[in-house]
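Enquirer: Just passing along the structure, written as structure tokens.
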2 protein chains.
Amino acid sequence: MPKVVHTVAELHKILQPLWRKGEPVGFVPTMGALHAGHVSLMKLSRAGGNVLTVVSVFVNPLQFAPGEDYDEYPRDLGGDVKVARDAGVEVVFAPSVAEMYPRGFVTWTDQDKITEKLCGEHRPGHFRGVLTVVLKLLNIVRPNNAYFGQKDYQQSVVIQRMVTDLNLDMKVHVCPIIREADGLAMSSRNVYLGPKHRTEALVLHQALVRVHELATGGERSVKKLYGEVKRIIGQAKSAKIDYIAIVHPETLEDVNDVSGRTLIAVAVRFGKTRLIDNVLVE
Amino acid sequence: MPKVVHTVAELHKILQPLWRKGEPVGFVPTMGALHAGHVSLMKLSRAGGNVLTVVSVFVNPLQFAPGEDYDEYPRDLGGDVKVARDAGVEVVFAPSVAEMYPRGFVTWTDQDKITEKLCGEHRPGHFRGVLTVVLKLLNIVRPNNAYFGQKDYQQSVVIQRMVTDLNLDMKVHVCPIIREADGLAMSSRNVYLGPKHRTEALVLHQALVRVHELATGGERSVKKLYGEVKRIIGQAKSAKIDYIAIVHPETLEDVNDVSGRTLIAVAVRFGKTRLIDNVLVE
């Protein structure tokens, strides 16, 4: 079984000897409710030359906007520890909210521009919460390698940018999206979906597969690709589109045509469940 | 002579072997124009068990509000290197603006509450700039001990708070104010003062000495102490008061009476020169 620790002090007792010897540490930050997507990150850390992998499990209140699903977010530390064990992870770090944000906490980190687009536009304060907690976790764990999923594409961009901008000395790995057999991107929020929405949610992947095919086949028109994504998602009656973005993969600025590397990303609500997915056109 | 380096890569070549061996590094971040106040910090680092002391010299554009003295701020790297040499400092890190804020830089750190008071109220964006550059510098140098002057009292509070909140693993030392023989607190901005303002500026220290005497003698009334500071500063005809603060030394909240530890801080403009000073009532 992995060691499960709840405080920074306990974690540092484990990590200090490795830091001293300069032995590489891998880190997979999560909000728990671990699924095959998280497992793929843990396995990449295990295979990536790290002598030890830390998985953090922390549902970060700072990154939920008012009215979002902080209270409902699935929590199952016992189950998560078993998943981590099966993936060969050595340490699970599961701090309390008070351990992360003690009384008097007032510091936060944010970004201009890239946090204001896509999900940032629809989830006020979300990336400020993400950046602040990830910065704290990176400072606590001091990994050589940190692993994030491409499913949360914008998150991976803002974190890479923060690591560069704040001179953090580590490598950020952005790892492929893991999907259910029918194409739905793995997400801890998929458990919210009832049977009808679960079926309808397949339109996300279908739309992205279709426009990826069109774009790699030579279609450059943003308008046409946008229209096609919208048409396919529209086939699901309950789908409410937050955004369809066809943008530069680093600046997240709108592109005029799909000539270079381009990100196509969507956020769609089915009832109260908000799902995101994306594809990169290379 | 100290080694003078201009890039993070050069600096890391020097520091890597020390980090590996776990040997303590001391750090004195400055904006240059080094004076006896800075020298006292360097000497504390040298005497504090650090095997090497790094002094950074960087006039940080982010911490100057529009219309402030960024362009006029005194710059003399050659002179600074000599001061550092005489203080026994091993490394001077003098990065360019492009090295610290390359194209695409978008990340910043800020705080609620404590950055909004005193100087924060009068210098919009100032502490956001201070916190961002200090966080970068601490990540670059990774010191065991970092030294700041009590003259910039609020700065020392917000930095200590950031180090705690963001789980940075180092000790922040806040070191005594160094003064000219006549009591004026050392500051790189003192060179701006013409002879008349230089003489008038003595009222700051005089006012603080007087209220410190009153408070330690048992005077608890904020109103009386405030009045006394205002009266003494008012003796200088050119003095324009930005603020007189009688506050809790950590939260910087106004106190009702001077019963516990209390900070008395002032910011006053003489012509275009803005000076700050403070005293702690224990």
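Following the order of the structure tokens, first chain is A, next is B, and so on, with residues numbered from 1 inside each chain and ligands from 1 in the order they appear.
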Should the cut-off be 9 Å, what would the residue list for chain A against chain B look like, counting only C-alpha atoms, as a CSV table (one decimal) with C-alpha atoms, in the first residue's frame?
Expert:
```csv
chain,number,residue,atom,x,y,z
A,8,VAL,CA,3.3,18.8,4.8
A,19,TRP,CA,15.9,15.8,-2.3
A,20,ARG,CA,19.3,15.4,-0.5
A,21,LYS,CA,20.4,12.7,-2.8
A,22,GLY,CA,19.0,14.5,-5.8
A,100,MET,CA,-3.5,24.0,2.7
A,101,TYR,CA,-5.3,27.3,3.7
A,102,PRO,CA,-4.7,28.0,7.3
A,104,GLY,CA,-4.8,34.2,7.7
A,105,PHE,CA,-4.1,32.8,4.3
A,106,VAL,CA,-4.2,35.7,1.8
A,107,THR,CA,-1.8,35.0,-1.1
A,108,TRP,CA,-2.8,33.9,-4.6
A,109,THR,CA,-1.5,33.7,-8.1
A,110,ASP,CA,-3.2,34.5,-11.3
A,111,GLN,CA,-2.5,35.3,-14.9
A,112,ASP,CA,-3.5,37.9,-17.5
A,113,LYS,CA,-5.0,36.9,-20.9
A,114,ILE,CA,-4.8,33.1,-21.0
A,132,THR,CA,-2.6,29.0,-6.4
A,133,VAL,CA,-3.1,25.4,-5.3
A,135,LEU,CA,1.9,26.5,-7.0
A,136,LYS,CA,1.6,25.5,-3.4
A,137,LEU,CA,1.6,21.8,-4.2
A,139,ASN,CA,6.5,24.0,-3.7
A,140,ILE,CA,5.5,21.3,-1.2
A,158,VAL,CA,-1.7,28.0,-17.7
A,161,ARG,CA,3.2,29.2,-18.3
A,162,MET,CA,3.3,29.6,-14.5
A,164,THR,CA,8.1,29.1,-16.8
A,165,ASP,CA,7.2,32.6,-15.5
A,166,LEU,CA,7.9,31.9,-11.9
A,167,ASN,CA,11.2,30.1,-12.5
A,168,LEU,CA,10.1,26.8,-11.1
A,169,ASP,CA,12.7,24.2,-11.9
A,251,THR,CA,-1.9,31.8,-26.4
```
Enquirer: Give me the residues near Val92 in chain B as a PDB file with C-alpha atoms, in the first residue's frame, where near means some atom within 8 Å (using only C-alpha atoms) and where sequence neighbours in that chain fewer than 4 positions away do not count.
Expert:
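So around-v9.pdb came out as:
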```pdb
ATOM      1  CA  PRO B   2      32.165  39.061  -6.323  1.00  0.00           C
ATOM      2  CA  LYS B   3      31.133  37.140  -9.396  1.00  0.00           C
ATOM      3  CA  VAL B   4      28.663  39.265 -11.354  1.00  0.00           C
ATOM      4  CA  VAL B   5      26.136  37.237 -13.350  1.00  0.00           C
ATOM      5  CA  VAL B  54      23.849  36.330  -3.304  1.00  0.00           C
ATOM      6  CA  VAL B  55      22.835  39.978  -3.715  1.00  0.00           C
ATOM      7  CA  SER B  56      20.409  40.686  -6.543  1.00  0.00           C
ATOM      8  CA  VAL B  57      20.366  44.098  -8.201  1.00  0.00           C
ATOM      9  CA  VAL B  81      29.528  45.657  -7.082  1.00  0.00           C
ATOM     10  CA  ALA B  84      29.052  44.139  -2.338  1.00  0.00           C
TER      11      ALA B  84
END
```
Enquirer: Restricting the calculation to only C-alpha atoms: of B:Ala207, B:Leu41, B:Ile232, B:Ala215, which residue gets closest to Val258 in chain B?
Expert: B:Ala215
Enquirer: Would you list the contacts of Phe148 in chain A as JSON, numbers by chain, taking every protein, DNA or RNA residue within 9 Å and counting only C-alpha atoms, but skipping same-chain residues closer than 5 positions in sequence?
Expert: {"A": [28, 29, 30, 38, 41, 153, 155, 156, 172, 173, 174, 175]}
Enquirer: Can I get the selection written as a PDB file, in the first residue's frame, with N, CA, C and O atoms?
Expert:
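Contents of the output file part.pdb:
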```pdb
ATOM      1  N   VAL A  28       1.759  13.710  -9.348  1.00  0.00           N
ATOM      2  CA  VAL A  28       0.477  13.758 -10.044  1.00  0.00           C
ATOM      3  C   VAL A  28      -0.546  14.430  -9.129  1.00  0.00           C
ATOM      4  O   VAL A  28      -1.070  13.801  -8.208  1.00  0.00           O
ATOM      5  N   PRO A  29      -0.811  15.732  -9.346  1.00  0.00           N
ATOM      6  CA  PRO A  29      -1.822  16.411  -8.521  1.00  0.00           C
ATOM      7  C   PRO A  29      -3.224  16.064  -9.017  1.00  0.00           C
ATOM      8  O   PRO A  29      -3.480  16.109 -10.228  1.00  0.00           O
ATOM      9  N   THR A  30      -4.119  15.708  -8.096  1.00  0.00           N
ATOM     10  CA  THR A  30      -5.494  15.360  -8.480  1.00  0.00           C
ATOM     11  C   THR A  30      -6.489  15.909  -7.451  1.00  0.00           C
ATOM     12  O   THR A  30      -6.087  16.309  -6.357  1.00  0.00           O
ATOM     13  N   HIS A  38      -6.281   9.408 -14.555  1.00  0.00           N
ATOM     14  CA  HIS A  38      -5.274   9.614 -13.504  1.00  0.00           C
ATOM     15  C   HIS A  38      -4.257   8.467 -13.489  1.00  0.00           C
ATOM     16  O   HIS A  38      -3.055   8.689 -13.322  1.00  0.00           O
ATOM     17  N   LEU A  41      -1.483   8.853 -15.815  1.00  0.00           N
ATOM     18  CA  LEU A  41      -0.466   9.818 -15.361  1.00  0.00           C
ATOM     19  C   LEU A  41       0.481   9.157 -14.351  1.00  0.00           C
ATOM     20  O   LEU A  41       1.702   9.348 -14.400  1.00  0.00           O
ATOM     21  N   TYR A 153      -7.119  20.935 -20.993  1.00  0.00           N
ATOM     22  CA  TYR A 153      -6.080  21.519 -21.844  1.00  0.00           C
ATOM     23  C   TYR A 153      -5.651  22.907 -21.365  1.00  0.00           C
ATOM     24  O   TYR A 153      -4.454  23.192 -21.225  1.00  0.00           O
ATOM     25  N   GLN A 155      -5.921  24.225 -18.484  1.00  0.00           N
ATOM     26  CA  GLN A 155      -5.192  24.083 -17.220  1.00  0.00           C
ATOM     27  C   GLN A 155      -3.726  23.762 -17.486  1.00  0.00           C
ATOM     28  O   GLN A 155      -2.824  24.322 -16.858  1.00  0.00           O
ATOM     29  N   SER A 156      -3.480  22.847 -18.417  1.00  0.00           N
ATOM     30  CA  SER A 156      -2.088  22.472 -18.687  1.00  0.00           C
ATOM     31  C   SER A 156      -1.302  23.648 -19.264  1.00  0.00           C
ATOM     32  O   SER A 156      -0.125  23.829 -18.970  1.00  0.00           O
ATOM     33  N   VAL A 172       7.089  19.885 -16.791  1.00  0.00           N
ATOM     34  CA  VAL A 172       5.646  19.643 -16.814  1.00  0.00           C
ATOM     35  C   VAL A 172       5.338  18.743 -18.007  1.00  0.00           C
ATOM     36  O   VAL A 172       5.688  19.071 -19.148  1.00  0.00           O
ATOM     37  N   HIS A 173       4.708  17.597 -17.740  1.00  0.00           N
ATOM     38  CA  HIS A 173       4.344  16.659 -18.802  1.00  0.00           C
ATOM     39  C   HIS A 173       2.835  16.738 -19.029  1.00  0.00           C
ATOM     40  O   HIS A 173       2.071  16.582 -18.075  1.00  0.00           O
ATOM     41  N   VAL A 174       2.446  16.989 -20.272  1.00  0.00           N
ATOM     42  CA  VAL A 174       1.017  17.010 -20.602  1.00  0.00           C
ATOM     43  C   VAL A 174       0.707  15.713 -21.355  1.00  0.00           C
ATOM     44  O   VAL A 174       1.297  15.444 -22.402  1.00  0.00           O
ATOM     45  N   CYS A 175      -0.187  14.915 -20.782  1.00  0.00           N
ATOM     46  CA  CYS A 175      -0.339  13.518 -21.195  1.00  0.00           C
ATOM     47  C   CYS A 175      -1.675  13.294 -21.892  1.00  0.00           C
ATOM     48  O   CYS A 175      -2.658  13.990 -21.606  1.00  0.00           O
TER      49      CYS A 175
END
```
Enquirer: Extract, using only C-alpha atoms, all DNA, RNA and protein residues at most 12 Å from Glu253 in chain B, discarding same-chain residues fewer than 3 positions from it, and format them as a ChimeraX atom specification.
Expert: /B:113-118,154,245-250,256-257,262-264
Enquirer: Could you save the residues just selected, with N, CA, C and O atoms, as an mmCIF file, in the first residue's frame?
Expert:
```
data_model
loop_
_atom_site.group_PDB
_atom_site.id
_atom_site.type_symbol
_atom_site.label_atom_id
_atom_site.label_comp_id
_atom_site.auth_asym_id
_atom_site.auth_seq_id
_atom_site.Cartn_x
_atom_site.Cartn_y
_atom_site.Cartn_z
ATOM 1 N N LYS B 113 -6.204 42.041 1.391
ATOM 2 C CA LYS B 113 -6.151 42.744 2.675
ATOM 3 C C LYS B 113 -4.817 43.451 2.947
ATOM 4 O O LYS B 113 -4.746 44.666 2.832
ATOM 5 N N ILE B 114 -3.751 42.698 3.321
ATOM 6 C CA ILE B 114 -2.546 43.385 3.800
ATOM 7 C C ILE B 114 -1.851 44.216 2.729
ATOM 8 O O ILE B 114 -1.109 45.135 3.038
ATOM 9 N N THR B 115 -2.089 43.897 1.440
ATOM 10 C CA THR B 115 -1.474 44.716 0.385
ATOM 11 C C THR B 115 -2.301 45.959 0.074
ATOM 12 O O THR B 115 -1.862 46.811 -0.691
ATOM 13 N N GLU B 116 -3.502 46.032 0.639
ATOM 14 C CA GLU B 116 -4.387 47.153 0.293
ATOM 15 C C GLU B 116 -4.206 48.337 1.237
ATOM 16 O O GLU B 116 -4.715 49.418 0.995
ATOM 17 N N LYS B 117 -3.479 48.104 2.335
ATOM 18 C CA LYS B 117 -3.343 49.143 3.343
ATOM 19 C C LYS B 117 -2.055 49.954 3.135
ATOM 20 O O LYS B 117 -1.253 49.649 2.272
ATOM 21 N N LEU B 118 -1.848 50.968 3.966
ATOM 22 C CA LEU B 118 -0.630 51.787 4.002
ATOM 23 C C LEU B 118 -0.128 52.103 2.587
ATOM 24 O O LEU B 118 -0.833 52.721 1.809
ATOM 25 N N GLN B 154 6.014 47.159 5.561
ATOM 26 C CA GLN B 154 4.884 46.443 4.960
ATOM 27 C C GLN B 154 5.388 45.399 3.969
ATOM 28 O O GLN B 154 4.849 44.294 3.885
ATOM 29 N N ALA B 245 0.061 55.689 10.072
ATOM 30 C CA ALA B 245 -0.677 54.467 10.412
ATOM 31 C C ALA B 245 -0.266 53.987 11.794
ATOM 32 O O ALA B 245 0.926 53.924 12.106
ATOM 33 N N ILE B 246 -1.255 53.671 12.614
ATOM 34 C CA ILE B 246 -1.001 53.079 13.931
ATOM 35 C C ILE B 246 -1.781 51.772 13.930
ATOM 36 O O ILE B 246 -3.010 51.768 14.058
ATOM 37 N N VAL B 247 -1.066 50.666 13.713
ATOM 38 C CA VAL B 247 -1.740 49.425 13.285
ATOM 39 C C VAL B 247 -1.118 48.190 13.933
ATOM 40 O O VAL B 247 -0.007 48.226 14.481
ATOM 41 N N HIS B 248 -1.843 47.082 13.813
ATOM 42 C CA HIS B 248 -1.337 45.777 14.244
ATOM 43 C C HIS B 248 -0.144 45.392 13.364
ATOM 44 O O HIS B 248 -0.209 45.510 12.144
ATOM 45 N N PRO B 249 0.950 44.924 13.959
ATOM 46 C CA PRO B 249 2.178 44.724 13.175
ATOM 47 C C PRO B 249 2.117 43.569 12.173
ATOM 48 O O PRO B 249 2.985 43.483 11.310
ATOM 49 N N GLU B 250 1.109 42.684 12.256
ATOM 50 C CA GLU B 250 1.017 41.604 11.262
ATOM 51 C C GLU B 250 -0.159 41.784 10.302
ATOM 52 O O GLU B 250 -0.007 41.628 9.104
ATOM 53 N N ASN B 256 -7.341 49.894 18.192
ATOM 54 C CA ASN B 256 -8.180 50.826 18.962
ATOM 55 C C ASN B 256 -7.378 51.579 20.001
ATOM 56 O O ASN B 256 -7.641 52.736 20.298
ATOM 57 N N ASP B 257 -6.409 50.867 20.592
ATOM 58 C CA ASP B 257 -5.477 51.557 21.477
ATOM 59 C C ASP B 257 -4.141 50.828 21.426
ATOM 60 O O ASP B 257 -4.045 49.709 20.931
ATOM 61 N N THR B 262 2.577 47.244 18.522
ATOM 62 C CA THR B 262 1.926 48.144 17.565
ATOM 63 C C THR B 262 2.978 48.732 16.628
ATOM 64 O O THR B 262 4.090 49.060 17.038
ATOM 65 N N LEU B 263 2.596 48.837 15.351
ATOM 66 C CA LEU B 263 3.453 49.495 14.372
ATOM 67 C C LEU B 263 2.971 50.927 14.167
ATOM 68 O O LEU B 263 1.774 51.160 13.968
ATOM 69 N N ILE B 264 3.906 51.855 14.219
ATOM 70 C CA ILE B 264 3.587 53.236 13.832
ATOM 71 C C ILE B 264 4.427 53.543 12.596
ATOM 72 O O ILE B 264 5.664 53.482 12.636
#
```
Enquirer: Restricting the calculation to only C-alpha atoms: of B:His205, B:Lys13, B:Lys196, B:Lys223, which residue gets closest to Gly183 in chain B?
Expert: B:His205
Enquirer: If you count only C-alpha atoms, which residues fall within 10 Å of Thr216 in chain A, apart from same-chain ones fewer than 3 positions away, as a PDB file with N, CA, C and O atoms, in the first residue's frame?
Expert:
```pdb
ATOM      1  N   VAL A 211     -14.213  16.994 -36.865  1.00  0.00           N
ATOM      2  CA  VAL A 211     -13.509  18.203 -37.330  1.00  0.00           C
ATOM      3  C   VAL A 211     -12.003  17.966 -37.420  1.00  0.00           C
ATOM      4  O   VAL A 211     -11.322  18.582 -38.238  1.00  0.00           O
ATOM      5  N   HIS A 212     -11.503  17.064 -36.607  1.00  0.00           N
ATOM      6  CA  HIS A 212     -10.085  16.712 -36.731  1.00  0.00           C
ATOM      7  C   HIS A 212      -9.824  16.089 -38.092  1.00  0.00           C
ATOM      8  O   HIS A 212      -8.841  16.420 -38.779  1.00  0.00           O
ATOM      9  N   GLU A 213     -10.749  15.224 -38.501  1.00  0.00           N
ATOM     10  CA  GLU A 213     -10.694  14.568 -39.811  1.00  0.00           C
ATOM     11  C   GLU A 213     -10.758  15.615 -40.931  1.00  0.00           C
ATOM     12  O   GLU A 213      -9.948  15.603 -41.855  1.00  0.00           O
ATOM     13  N   GLU A 219      -9.331  21.129 -44.572  1.00  0.00           N
ATOM     14  CA  GLU A 219     -10.313  22.193 -44.312  1.00  0.00           C
ATOM     15  C   GLU A 219      -9.688  23.241 -43.391  1.00  0.00           C
ATOM     16  O   GLU A 219      -9.257  22.927 -42.288  1.00  0.00           O
ATOM     17  N   ARG A 220      -9.628  24.484 -43.875  1.00  0.00           N
ATOM     18  CA  ARG A 220      -8.976  25.534 -43.091  1.00  0.00           C
ATOM     19  C   ARG A 220      -9.962  26.537 -42.505  1.00  0.00           C
ATOM     20  O   ARG A 220      -9.573  27.381 -41.698  1.00  0.00           O
ATOM     21  N   VAL A 258      -7.262  27.540 -39.932  1.00  0.00           N
ATOM     22  CA  VAL A 258      -6.570  26.412 -39.322  1.00  0.00           C
ATOM     23  C   VAL A 258      -5.393  26.033 -40.231  1.00  0.00           C
ATOM     24  O   VAL A 258      -5.475  25.100 -41.031  1.00  0.00           O
ATOM     25  N   SER A 259      -4.311  26.828 -40.108  1.00  0.00           N
ATOM     26  CA  SER A 259      -3.145  26.548 -40.960  1.00  0.00           C
ATOM     27  C   SER A 259      -2.020  25.941 -40.138  1.00  0.00           C
ATOM     28  O   SER A 259      -1.412  24.950 -40.542  1.00  0.00           O
ATOM     29  N   VAL A 281      -5.107  19.867 -33.580  1.00  0.00           N
ATOM     30  CA  VAL A 281      -4.809  19.648 -34.995  1.00  0.00           C
ATOM     31  C   VAL A 281      -3.345  20.020 -35.199  1.00  0.00           C
ATOM     32  O   VAL A 281      -2.953  21.154 -34.937  1.00  0.00           O
ATOM     33  N   GLU A 282      -2.541  19.063 -35.591  1.00  0.00           N
ATOM     34  CA  GLU A 282      -1.083  19.289 -35.682  1.00  0.00           C
ATOM     35  C   GLU A 282      -0.698  19.836 -37.058  1.00  0.00           C
ATOM     36  O   GLU A 282      -1.314  19.530 -38.049  1.00  0.00           O
TER      37      GLU A 282
END
```
